[in-house]
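model-v2.csv, holding CSV, C-alpha atoms:
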```csv
chain,number,residue,atom,x,y,z
S,1,MET,CA,-44.6,7.8,-41.2
S,2,THR,CA,-43.8,5.6,-44.2
S,3,ALA,CA,-42.7,2.0,-43.9
S,4,LEU,CA,-39.3,3.1,-45.4
S,5,ASN,CA,-38.8,5.7,-42.6
S,6,LYS,CA,-39.8,3.2,-39.9
S,7,LYS,CA,-37.2,0.7,-41.3
S,8,GLY,CA,-34.5,3.4,-41.3
S,9,GLN,CA,-35.2,4.5,-37.8
S,10,SER,CA,-35.1,0.9,-36.4
S,11,SER,CA,-31.8,0.4,-38.2
S,12,ILE,CA,-30.3,3.6,-36.6
S,13,GLU,CA,-31.6,2.4,-33.2
S,14,ALA,CA,-30.0,-1.0,-33.6
S,15,SER,CA,-26.7,0.6,-34.7
S,16,LEU,CA,-26.8,3.0,-31.7
S,17,SER,CA,-27.5,0.2,-29.2
S,18,VAL,CA,-24.7,-1.9,-30.6
S,19,GLY,CA,-22.4,1.1,-30.6
S,20,LEU,CA,-23.3,1.9,-27.0
S,21,LEU,CA,-22.8,-1.7,-25.9
S,22,LEU,CA,-19.5,-1.9,-27.6
S,23,SER,CA,-18.3,1.4,-26.1
S,24,VAL,CA,-19.3,0.3,-22.6
S,25,LEU,CA,-17.6,-3.1,-23.1
S,26,LEU,CA,-14.5,-1.5,-24.5
S,27,LEU,CA,-14.3,1.0,-21.7
S,28,GLY,CA,-14.7,-1.9,-19.3
S,29,LEU,CA,-12.0,-3.8,-21.0
S,30,ILE,CA,-9.6,-0.7,-20.8
S,31,LEU,CA,-10.4,-0.3,-17.1
S,32,ALA,CA,-9.8,-4.1,-16.5
S,33,SER,CA,-6.5,-3.9,-18.4
S,34,GLN,CA,-5.4,-1.0,-16.3
S,35,PHE,CA,-6.4,-2.8,-13.1
S,36,TRP,CA,-4.5,-5.8,-14.3
S,37,ALA,CA,-1.4,-3.7,-15.1
S,38,LYS,CA,-1.5,-2.0,-11.8
S,39,ASN,CA,-1.8,-5.4,-10.0
S,40,ILE,CA,1.2,-6.7,-11.9
S,41,LEU,CA,3.2,-3.6,-11.1
S,42,THR,CA,2.3,-3.9,-7.4
S,43,LYS,CA,3.4,-7.5,-7.4
S,44,TRP,CA,6.8,-6.6,-8.9
S,45,ALA,CA,7.1,-3.6,-6.5
S,46,ALA,CA,6.6,-6.1,-3.7
S,47,PHE,CA,9.1,-8.5,-5.3
S,48,HIS,CA,11.7,-5.6,-5.6
S,49,SER,CA,11.3,-4.5,-2.0
S,50,ARG,CA,11.6,-8.0,-0.7
S,51,CYS,CA,14.6,-8.6,-2.9
S,52,ILE,CA,16.4,-5.6,-1.5
S,53,ALA,CA,15.5,-6.5,2.1
S,54,VAL,CA,16.8,-10.1,1.6
S,55,GLU,CA,19.7,-9.4,-0.8
S,56,GLY,CA,20.9,-6.2,0.7
S,57,THR,CA,21.8,-4.6,-2.6
S,58,SER,CA,19.6,-3.0,-5.2
S,59,THR,CA,21.5,-3.5,-8.4
S,60,PHE,CA,20.7,-7.2,-8.8
S,61,CYS,CA,17.1,-6.7,-7.7
S,62,GLU,CA,16.5,-3.8,-10.1
S,63,LEU,CA,18.0,-5.7,-13.1
S,64,LYS,CA,15.9,-8.8,-12.3
S,65,THR,CA,12.7,-6.9,-11.7
S,66,LYS,CA,13.1,-4.9,-14.9
S,67,SER,CA,14.1,-7.8,-17.1
S,68,ASP,CA,11.2,-10.0,-15.8
S,69,LEU,CA,8.7,-7.2,-16.3
S,70,LYS,CA,9.9,-6.7,-19.9
S,71,LYS,CA,10.1,-10.4,-20.6
S,72,TYR,CA,6.8,-11.5,-19.3
S,73,PHE,CA,4.5,-8.5,-19.6
S,74,TYR,CA,4.0,-5.7,-22.0
S,75,PHE,CA,5.7,-3.0,-20.1
S,76,LYS,CA,8.3,-0.5,-21.3
S,77,ASP,CA,10.2,2.5,-19.8
S,78,ILE,CA,10.2,0.9,-16.4
S,79,SER,CA,11.4,3.2,-13.6
S,80,LEU,CA,12.0,2.0,-10.1
S,81,ASN,CA,12.6,4.0,-7.0
S,82,SER,CA,13.3,2.4,-3.7
S,83,ILE,CA,13.7,4.1,-0.3
S,84,TYR,CA,14.3,2.7,3.2
S,85,PHE,CA,12.7,4.5,6.1
S,86,MET,CA,11.9,3.5,9.6
S,87,GLY,CA,12.2,-0.2,8.9
S,88,THR,CA,10.1,-0.1,5.7
S,89,TYR,CA,11.3,-0.6,2.2
S,90,GLN,CA,9.1,1.3,-0.2
S,91,THR,CA,9.3,0.7,-3.9
S,92,LYS,CA,7.6,3.0,-6.4
S,93,ILE,CA,7.4,1.6,-9.8
S,94,SER,CA,6.0,3.1,-13.0
S,95,ALA,CA,6.0,1.8,-16.6
S,96,THR,CA,4.3,2.3,-19.9
S,97,PHE,CA,1.7,-0.3,-20.5
S,98,LEU,CA,1.2,-1.6,-24.1
S,99,GLY,CA,3.1,1.5,-25.2
S,100,LEU,CA,0.0,3.6,-24.4
S,101,LYS,CA,-0.5,4.6,-20.8
S,102,ASN,CA,1.9,5.3,-18.0
S,103,ILE,CA,0.9,3.2,-15.0
S,104,SER,CA,2.4,3.4,-11.5
S,105,SER,CA,2.1,1.6,-8.3
S,106,PHE,CA,4.0,1.1,-5.0
S,107,TYR,CA,4.5,-1.4,-2.2
S,108,ASN,CA,5.6,-0.9,1.4
S,109,TYR,CA,7.6,-3.8,2.7
S,110,GLN,CA,7.6,-3.7,6.5
S,111,ALA,CA,10.6,-4.9,8.6
S,112,SER,CA,8.3,-7.5,10.3
S,113,GLU,CA,7.9,-9.1,6.9
S,114,PHE,CA,11.6,-10.0,6.6
S,115,LYS,CA,13.0,-10.1,10.1
S,116,ARG,CA,12.3,-10.7,13.7
S,117,THR,CA,14.7,-9.6,16.4
S,118,SER,CA,15.1,-10.2,20.1
S,119,ARG,CA,14.5,-6.5,20.7
S,120,ASP,CA,11.0,-6.9,19.2
S,121,GLN,CA,9.9,-9.4,21.8
G,1,MET,CA,-26.9,0.7,-41.8
G,2,ILE,CA,-27.3,-2.6,-40.1
G,3,SER,CA,-30.4,-4.6,-39.4
G,4,LYS,CA,-31.6,-5.8,-36.0
G,5,GLY,CA,-30.6,-9.4,-37.0
G,6,GLN,CA,-27.0,-8.3,-37.8
G,7,ALA,CA,-26.9,-6.3,-34.6
G,8,LEU,CA,-28.0,-9.3,-32.6
G,9,ILE,CA,-25.5,-11.6,-34.2
G,10,SER,CA,-22.6,-9.2,-33.8
G,11,THR,CA,-23.5,-8.7,-30.2
G,12,LEU,CA,-23.7,-12.4,-29.6
G,13,ILE,CA,-20.2,-12.9,-31.0
G,14,ILE,CA,-18.5,-9.8,-29.5
G,15,LEU,CA,-20.0,-10.1,-26.1
G,16,PRO,CA,-18.6,-13.5,-25.1
G,17,VAL,CA,-15.2,-12.6,-26.5
G,18,LEU,CA,-15.1,-9.4,-24.4
G,19,ILE,CA,-16.4,-11.2,-21.3
G,20,PHE,CA,-13.8,-14.0,-21.8
G,21,THR,CA,-11.0,-11.5,-22.2
G,22,SER,CA,-12.1,-9.5,-19.1
G,23,SER,CA,-12.3,-12.7,-17.0
G,24,MET,CA,-8.8,-13.7,-18.2
G,25,LEU,CA,-7.5,-10.3,-17.1
G,26,TYR,CA,-9.3,-10.5,-13.8
G,27,LYS,CA,-8.1,-14.0,-13.1
G,28,SER,CA,-4.6,-13.3,-14.2
G,29,SER,CA,-4.3,-10.3,-11.9
G,30,SER,CA,-5.8,-12.3,-9.0
G,31,ALA,CA,-3.1,-15.0,-9.7
G,32,ALA,CA,-0.5,-12.2,-9.5
G,33,LEU,CA,-1.9,-11.2,-6.1
G,34,TYR,CA,-2.0,-14.9,-4.9
G,35,HIS,CA,1.7,-15.0,-5.8
G,36,ASN,CA,2.4,-12.2,-3.4
G,37,GLN,CA,0.2,-13.6,-0.7
G,38,ILE,CA,1.8,-17.0,-0.9
G,39,GLN,CA,5.3,-15.6,-0.9
G,40,SER,CA,4.4,-13.5,2.1
G,41,SER,CA,2.8,-16.5,3.8
G,42,ILE,CA,5.9,-18.8,3.5
G,43,ASP,CA,8.2,-15.9,4.5
G,44,ASN,CA,6.0,-15.4,7.6
G,45,LYS,CA,6.0,-19.1,8.4
G,46,ALA,CA,9.7,-19.4,8.0
G,47,LEU,CA,10.3,-16.5,10.4
G,48,ASN,CA,7.7,-17.8,12.9
G,49,ILE,CA,9.4,-21.2,13.1
G,50,LEU,CA,12.8,-19.6,13.6
G,51,LEU,CA,11.2,-17.3,16.2
G,52,ILE,CA,10.2,-20.4,18.2
G,53,GLN,CA,13.8,-21.7,18.0
G,54,ALA,CA,15.3,-18.3,18.8
G,55,ARG,CA,13.1,-18.0,21.9
G,56,ALA,CA,14.3,-21.4,23.0
G,57,LEU,CA,17.9,-20.4,22.5
G,58,GLU,CA,17.3,-17.2,24.4
G,59,ALA,CA,15.8,-19.2,27.3
G,60,LEU,CA,18.8,-21.5,27.3
G,61,GLY,CA,21.1,-18.5,27.3
G,62,LYS,CA,19.3,-17.1,30.4
G,63,ILE,CA,19.9,-20.4,32.3
G,64,ASN,CA,23.6,-20.4,31.5
G,65,PRO,CA,24.8,-18.0,34.2
G,66,ILE,CA,22.8,-20.0,36.9
G,67,SER,CA,24.1,-23.3,35.6
G,68,ALA,CA,27.7,-22.0,35.5
G,69,SER,CA,27.6,-20.6,39.1
G,70,ILE,CA,26.0,-23.9,40.4
G,71,ILE,CA,28.7,-26.0,38.8
G,72,THR,CA,31.5,-23.7,39.9
G,73,THR,CA,30.2,-23.7,43.5
G,74,ARG,CA,30.0,-27.5,43.5
G,75,ARG,CA,33.5,-27.7,42.3
G,76,GLU,CA,34.7,-25.4,45.0
G,77,VAL,CA,32.8,-27.5,47.6
G,78,GLU,CA,34.5,-30.6,46.3
G,79,LYS,CA,37.9,-29.0,46.5
G,80,LEU,CA,37.1,-27.9,50.1
G,81,ILE,CA,36.0,-31.4,51.0
G,82,SER,CA,39.2,-33.0,49.6
G,83,VAL,CA,41.3,-30.4,51.5
G,84,LEU,CA,39.4,-31.0,54.7
G,85,LEU,CA,39.8,-34.8,54.4
G,86,THR,CA,43.6,-34.4,54.4
G,87,THR,CA,43.5,-31.9,57.2
G,88,PRO,CA,43.7,-33.2,60.8
G,89,GLY,CA,40.3,-32.7,62.4
G,90,GLY,CA,38.8,-31.4,59.2
G,91,ALA,CA,36.7,-34.6,58.6
G,92,VAL,CA,34.1,-33.2,61.1
G,93,LYS,CA,33.2,-30.4,58.8
G,94,VAL,CA,32.8,-32.7,55.8
G,95,PRO,CA,29.2,-34.1,56.3
G,96,PRO,CA,27.4,-30.7,55.9
G,97,LEU,CA,29.5,-30.0,52.8
G,98,LEU,CA,28.6,-33.4,51.4
G,99,ARG,CA,24.9,-32.5,51.9
G,100,LEU,CA,25.5,-29.2,50.2
G,101,ARG,CA,27.2,-31.0,47.3
G,102,THR,CA,24.2,-33.4,46.9
G,103,LYS,CA,21.8,-30.4,46.8
G,104,LEU,CA,24.0,-28.7,44.2
G,105,ILE,CA,24.0,-31.9,42.1
G,106,LYS,CA,20.2,-32.1,42.4
G,107,ILE,CA,20.0,-28.5,41.2
G,108,GLN,CA,22.2,-29.4,38.3
G,109,GLN,CA,19.9,-32.3,37.4
G,110,SER,CA,16.9,-30.0,37.5
G,111,ILE,CA,18.7,-27.5,35.2
G,112,PHE,CA,19.4,-30.4,32.8
G,113,LEU,CA,15.7,-31.3,32.8
G,114,LYS,CA,14.7,-27.7,32.2
G,115,GLN,CA,17.2,-27.5,29.3
G,116,GLN,CA,15.9,-30.7,27.8
G,117,ASN,CA,12.3,-29.5,28.1
G,118,ILE,CA,13.1,-26.3,26.3
G,119,ILE,CA,14.9,-28.1,23.5
G,120,LYS,CA,12.1,-30.7,23.1
G,121,ASN,CA,9.3,-28.2,23.2
G,122,SER,CA,11.0,-26.0,20.7
G,123,SER,CA,11.4,-28.9,18.3
G,124,ALA,CA,7.8,-30.1,18.8
G,125,ILE,CA,6.2,-26.6,18.4
G,126,SER,CA,8.4,-25.9,15.3
G,127,GLN,CA,7.2,-29.3,13.8
G,128,LYS,CA,3.6,-28.4,14.5
G,129,GLU,CA,4.0,-24.9,13.1
G,130,ALA,CA,5.5,-26.4,9.9
G,131,LYS,CA,2.6,-28.8,9.3
G,132,ILE,CA,0.1,-26.1,8.4
G,133,LEU,CA,1.8,-23.7,5.9
G,134,PHE,CA,-1.2,-22.1,4.2
G,135,SER,CA,-4.8,-21.1,5.0
G,136,LYS,CA,-7.7,-23.2,3.6
G,137,ARG,CA,-8.3,-20.7,0.7
G,138,PHE,CA,-5.0,-21.9,-0.9
G,139,LYS,CA,-6.0,-25.5,-0.7
G,140,GLY,CA,-5.3,-27.3,-4.0
G,141,LYS,CA,-3.5,-24.3,-5.4
G,142,VAL,CA,-0.2,-24.6,-3.6
G,143,THR,CA,2.1,-27.5,-2.6
G,144,ALA,CA,5.0,-26.8,-0.3
G,145,GLU,CA,7.9,-28.6,1.3
G,146,VAL,CA,9.9,-27.6,4.4
G,147,TRP,CA,13.6,-28.3,5.2
G,148,PRO,CA,14.9,-29.4,7.6
G,149,LYS,CA,12.4,-32.3,8.2
G,150,ILE,CA,13.3,-32.5,11.9
G,151,PHE,CA,14.0,-29.3,13.8
G,152,LYS,CA,16.8,-29.2,16.2
G,153,LEU,CA,18.9,-26.6,18.0
G,154,PHE,CA,22.6,-26.6,17.1
G,155,ILE,CA,24.1,-26.2,20.5
G,156,GLU,CA,26.6,-28.1,22.7
G,157,LYS,CA,28.1,-27.9,26.2
G,158,LYS,CA,30.6,-25.2,26.9
G,159,ASP,CA,34.2,-26.6,26.8
G,160,GLU,CA,35.0,-26.0,30.5
G,161,PHE,CA,31.9,-27.9,31.5
G,162,LYS,CA,32.0,-30.8,29.0
G,163,ASN,CA,31.5,-33.7,31.5
G,164,GLU,CA,28.9,-31.9,33.7
G,165,VAL,CA,25.1,-32.5,33.9
G,166,GLY,CA,23.1,-29.4,33.2
G,167,ALA,CA,26.2,-27.7,31.9
G,168,PRO,CA,26.0,-24.2,30.3
G,169,LEU,CA,25.5,-24.4,26.6
G,170,LYS,CA,26.9,-22.6,23.6
G,171,LEU,CA,26.2,-22.4,19.9
G,172,ASN,CA,28.1,-25.2,18.1
G,173,SER,CA,30.3,-24.7,15.0
G,174,GLU,CA,27.5,-25.7,12.6
G,175,PHE,CA,25.0,-23.1,14.0
G,176,ASN,CA,25.5,-20.4,11.4
G,177,LYS,CA,25.3,-23.0,8.6
G,178,LYS,CA,22.5,-25.2,9.8
G,179,GLN,CA,20.2,-23.2,12.1
G,180,ASN,CA,18.0,-22.2,9.2
G,181,ILE,CA,14.8,-23.1,7.4
G,182,LEU,CA,13.9,-23.4,3.7
G,183,ILE,CA,10.3,-23.5,2.4
G,184,LYS,CA,9.8,-24.3,-1.2
G,185,ALA,CA,6.3,-23.7,-2.7
G,186,GLN,CA,4.8,-24.6,-6.0
G,187,MET,CA,1.8,-22.5,-7.0
G,188,GLN,CA,-0.4,-24.3,-9.4
G,189,THR,CA,-1.4,-22.4,-12.6
G,190,GLU,CA,-5.0,-21.5,-12.7
G,191,ARG,CA,-6.9,-24.2,-14.7
G,192,PHE,CA,-8.1,-21.6,-17.2
G,193,LEU,CA,-4.6,-20.8,-18.2
G,194,SER,CA,-3.5,-24.4,-18.8
G,195,SER,CA,-4.1,-24.1,-22.5
G,196,PHE,CA,-1.3,-21.6,-22.7
G,197,LYS,CA,1.3,-24.1,-21.6
G,198,ASN,CA,4.0,-22.9,-23.9
G,199,ASP,CA,3.9,-19.4,-22.5
G,200,LYS,CA,6.3,-19.0,-19.6
G,201,ARG,CA,3.9,-16.6,-17.9
G,202,PHE,CA,1.4,-19.4,-17.2
G,203,GLU,CA,3.8,-22.1,-15.9
G,204,ASN,CA,3.5,-23.2,-12.3
G,205,VAL,CA,5.2,-20.6,-10.1
G,206,SER,CA,8.0,-21.7,-7.8
G,207,LEU,CA,8.5,-19.7,-4.7
G,208,GLN,CA,11.0,-20.1,-1.9
G,209,SER,CA,11.8,-18.7,1.4
G,210,PHE,CA,15.0,-19.2,3.3
G,211,ALA,CA,15.6,-17.7,6.7
G,212,GLN,CA,18.5,-17.9,9.2
G,213,ILE,CA,19.1,-17.0,12.9
G,214,GLU,CA,22.0,-14.7,13.5
G,215,MET,CA,23.4,-15.0,17.0
G,216,LYS,CA,27.0,-14.6,18.2
G,217,GLU,CA,26.5,-16.2,21.6
G,218,LEU,CA,23.6,-17.9,23.4
G,219,GLU,CA,23.4,-15.1,26.0
G,220,GLY,CA,23.3,-12.4,23.4
G,221,GLN,CA,20.9,-10.7,21.0
G,222,TRP,CA,19.5,-12.6,18.0
G,223,GLN,CA,17.9,-11.8,14.7
G,224,ALA,CA,15.9,-14.1,12.4
G,225,HIS,CA,16.3,-12.8,8.9
G,226,LEU,CA,15.2,-13.9,5.4
G,227,ARG,CA,18.2,-14.6,3.2
G,228,LEU,CA,19.0,-15.8,-0.3
G,229,ALA,CA,19.2,-19.6,-0.2
G,230,PRO,CA,22.8,-20.7,-0.8
G,231,GLY,CA,23.4,-21.0,-4.5
G,232,LYS,CA,19.8,-20.1,-5.4
G,233,ALA,CA,18.2,-17.1,-7.1
G,234,LEU,CA,15.3,-15.4,-5.5
```

Let me see the structure of the file written as structure tokens.
Amino acid sequence: MTALNKKGQSSIEASLSVGLLLSVLLLGLILASQFWAKNILTKWAAFHSRCIAVEGTSTFCELKTKSDLKKYFYFKDISLNSIYFMGTYQTKISATFLGLKNISSFYNYQASEFKRTSRDQ
Amino acid sequence: MISKGQALISTLIILPVLIFTSSMLYKSSSAALYHNQIQSSIDNKALNILLIQARALEALGKINPISASIITTRREVEKLISVLLTTPGGAVKVPPLLRLRTKLIKIQQSIFLKQQNIIKNSSAISQKEAKILFSKRFKGKVTAEVWPKIFKLFIEKKDEFKNEVGAPLKLNSEFNKKQNILIKAQMQTERFLSSFKNDKRFENVSLQSFAQIEMKELEGQWQAHLRLAPGKAL
């Protein structure tokens, strides 16, 4: 093997290592961003469920949740779906994150989190 | 093609940037979860304090029928005594009735002490409960204040027993307005975010929890429920 070939090979190896490292880090960054986005959505799903339980109406809560999500974070096309069943408010929330990926999350807000009654005792 | 030196330099530059960005994302999402945990923690605390008060009100409601019947009986005895005193030969029957009256008054006094115990205990336990709002893991991250500063039950004697000791009690006119609790918490921004002060996302987060007891009468059912604080947004 000539000295020129050796130099070329080591250069390719270095490029590949850098490429591999960058790919892994980029993948990690994408996964971390998704994890972050999911956490944020879970937080707002919890906020929405609590808001409905406390406020008793969903219009104000939906508007506030959507406007805050749009204002503070990079979410678009937010859809909210809330149901009440057996003392639990469940909010499902999905949104497009950074205009790229649709992320969804949900939160179950139990009755014990917003009220106590004499019948529970 | 790039040389080994170039690869090393680019890695040394890119790697810290990526690590920093990832750690920002991780810490930011943890902060979002803290937000939920703290909200849930103050909600729970507010409801637990009201639960102590509601149980006290319930206990006082249970005493009411006994207290009312003791006082009514004593009043009947007193009427009988006054009738006997004006009846010829009736005075002989008065001493046992007087003894009965004394016993009924003693029962009234013990009912009064029981009522006072319930009221004082409820206040002391609520005060103790309000002292520790968060677990140690939130130490230094959250500050909180609780209203009212002194817990009391908004009750008074029933109208027909106003001047009696150990009288049956009822909810007073301020109950619906004042039997509540407000906890305001300030969650400190994580130190690493302090350089982004102009960005609203990284400001200290204010959280609040307002809860009320709903009860129509002392002897009835109750519900402690989170509510929107009067004139405040969520």

| query | Once you count all atoms listed in the file, which residues of chain S turn out to be within 10 Å of chain G? Could you give them as a ChimeraX atom specification? | reply | /S:7-19,21-22,25-26,28-44,46-47,50-51,53-56,61,64,71-73,111-121

| message | Can you measure atom CA of G:Asn163 to atom CA of G:Ile105 for me? One decimal in Å is fine. | response | 13.1 Å

| message | Just want the 10 Å neighbourhood of S:Leu98, counted on only C-alpha atoms, with same-chain residues fewer than 2 positions away dropped. Output as a list in words. | response | Ser33, Ala37, Phe73, Tyr74, Phe75, Lys76, Ala95, Thr96, Leu100, Lys101 and Asn102 of chain S

| message | Counting only C-alpha atoms, find residues at most 12 Å from (9.5, -28.7, 19.7) (file frame) and give them as a list in words. | response |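 Nearby residues: Ile49, Leu50, Ile52, Gln53, Ala54, Arg55, Ala56, Gln116, Asn117, Ile118, Ile119, Lys120, Asn121, Ser122, Ser123, Ala124, Ile125, Ser126, Gln127, Lys128, Glu129, Ala130, Ile150, Phe151, Lys152 and Leu153 of chain G.
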
| In Å, how far is it from atom CA of G:Phe175 to atom CA of G:Ile63? |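 Separating atom CA of G:Phe175 from atom CA of G:Ile63 is a distance of 19.2 Å.
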
| task | Would you work out the distance separating atom CA of G:Lys184 from atom CA of G:Ile42, expressed in Å to one decimal? | result | 8.2 Å

| query | Hey, what's within 9 Å of S:Glu62 if we count all atoms listed in the file and toss same-chain stuff fewer than 4 positions away? As a PyMOL selection string, please? | reply | chain S and resi 48+51-52+58+66-67+80

| request: For S:Ser82, list every protein, DNA or RNA residue within 10 Å, evaluated using all atoms listed in the file, and leave out those in the same chain fewer than 6 positions away; present the list as an MDAnalysis selection string. | output: chainID S and resid 45 48:49 52 58 62 89:93 106:108

Taking C-alpha atoms for each residue, export the selection above as an mmCIF file, in the coordinates of the input.
```
data_model
loop_
_atom_site.group_PDB
_atom_site.id
_atom_site.type_symbol
_atom_site.label_atom_id
_atom_site.label_comp_id
_atom_site.auth_asym_id
_atom_site.auth_seq_id
_atom_site.Cartn_x
_atom_site.Cartn_y
_atom_site.Cartn_z
ATOM 1 C CA ALA S 45 7.100 -3.600 -6.500
ATOM 2 C CA HIS S 48 11.700 -5.600 -5.600
ATOM 3 C CA SER S 49 11.300 -4.500 -2.000
ATOM 4 C CA ILE S 52 16.400 -5.600 -1.500
ATOM 5 C CA SER S 58 19.600 -3.000 -5.200
ATOM 6 C CA GLU S 62 16.500 -3.800 -10.100
ATOM 7 C CA TYR S 89 11.300 -0.600 2.200
ATOM 8 C CA GLN S 90 9.100 1.300 -0.200
ATOM 9 C CA THR S 91 9.300 0.700 -3.900
ATOM 10 C CA LYS S 92 7.600 3.000 -6.400
ATOM 11 C CA ILE S 93 7.400 1.600 -9.800
ATOM 12 C CA PHE S 106 4.000 1.100 -5.000
ATOM 13 C CA TYR S 107 4.500 -1.400 -2.200
ATOM 14 C CA ASN S 108 5.600 -0.900 1.400
#
```

Fewer than 3 positions away in the same chain doesn't count, so skip those; otherwise give me all residues within 10 Å of G:Glu156, counting only C-alpha atoms, as a PDB file with C-alpha atoms, in the frame of the given file.
```pdb
ATOM      1  CA  LEU G 153      18.900 -26.600  18.000  1.00  0.00           C
ATOM      2  CA  ASP G 159      34.200 -26.600  26.800  1.00  0.00           C
ATOM      3  CA  LYS G 162      32.000 -30.800  29.000  1.00  0.00           C
ATOM      4  CA  ALA G 167      26.200 -27.700  31.900  1.00  0.00           C
ATOM      5  CA  PRO G 168      26.000 -24.200  30.300  1.00  0.00           C
ATOM      6  CA  LEU G 169      25.500 -24.400  26.600  1.00  0.00           C
ATOM      7  CA  LYS G 170      26.900 -22.600  23.600  1.00  0.00           C
ATOM      8  CA  LEU G 171      26.200 -22.400  19.900  1.00  0.00           C
ATOM      9  CA  ASN G 172      28.100 -25.200  18.100  1.00  0.00           C
ATOM     10  CA  SER G 173      30.300 -24.700  15.000  1.00  0.00           C
TER      11      SER G 173
END
```
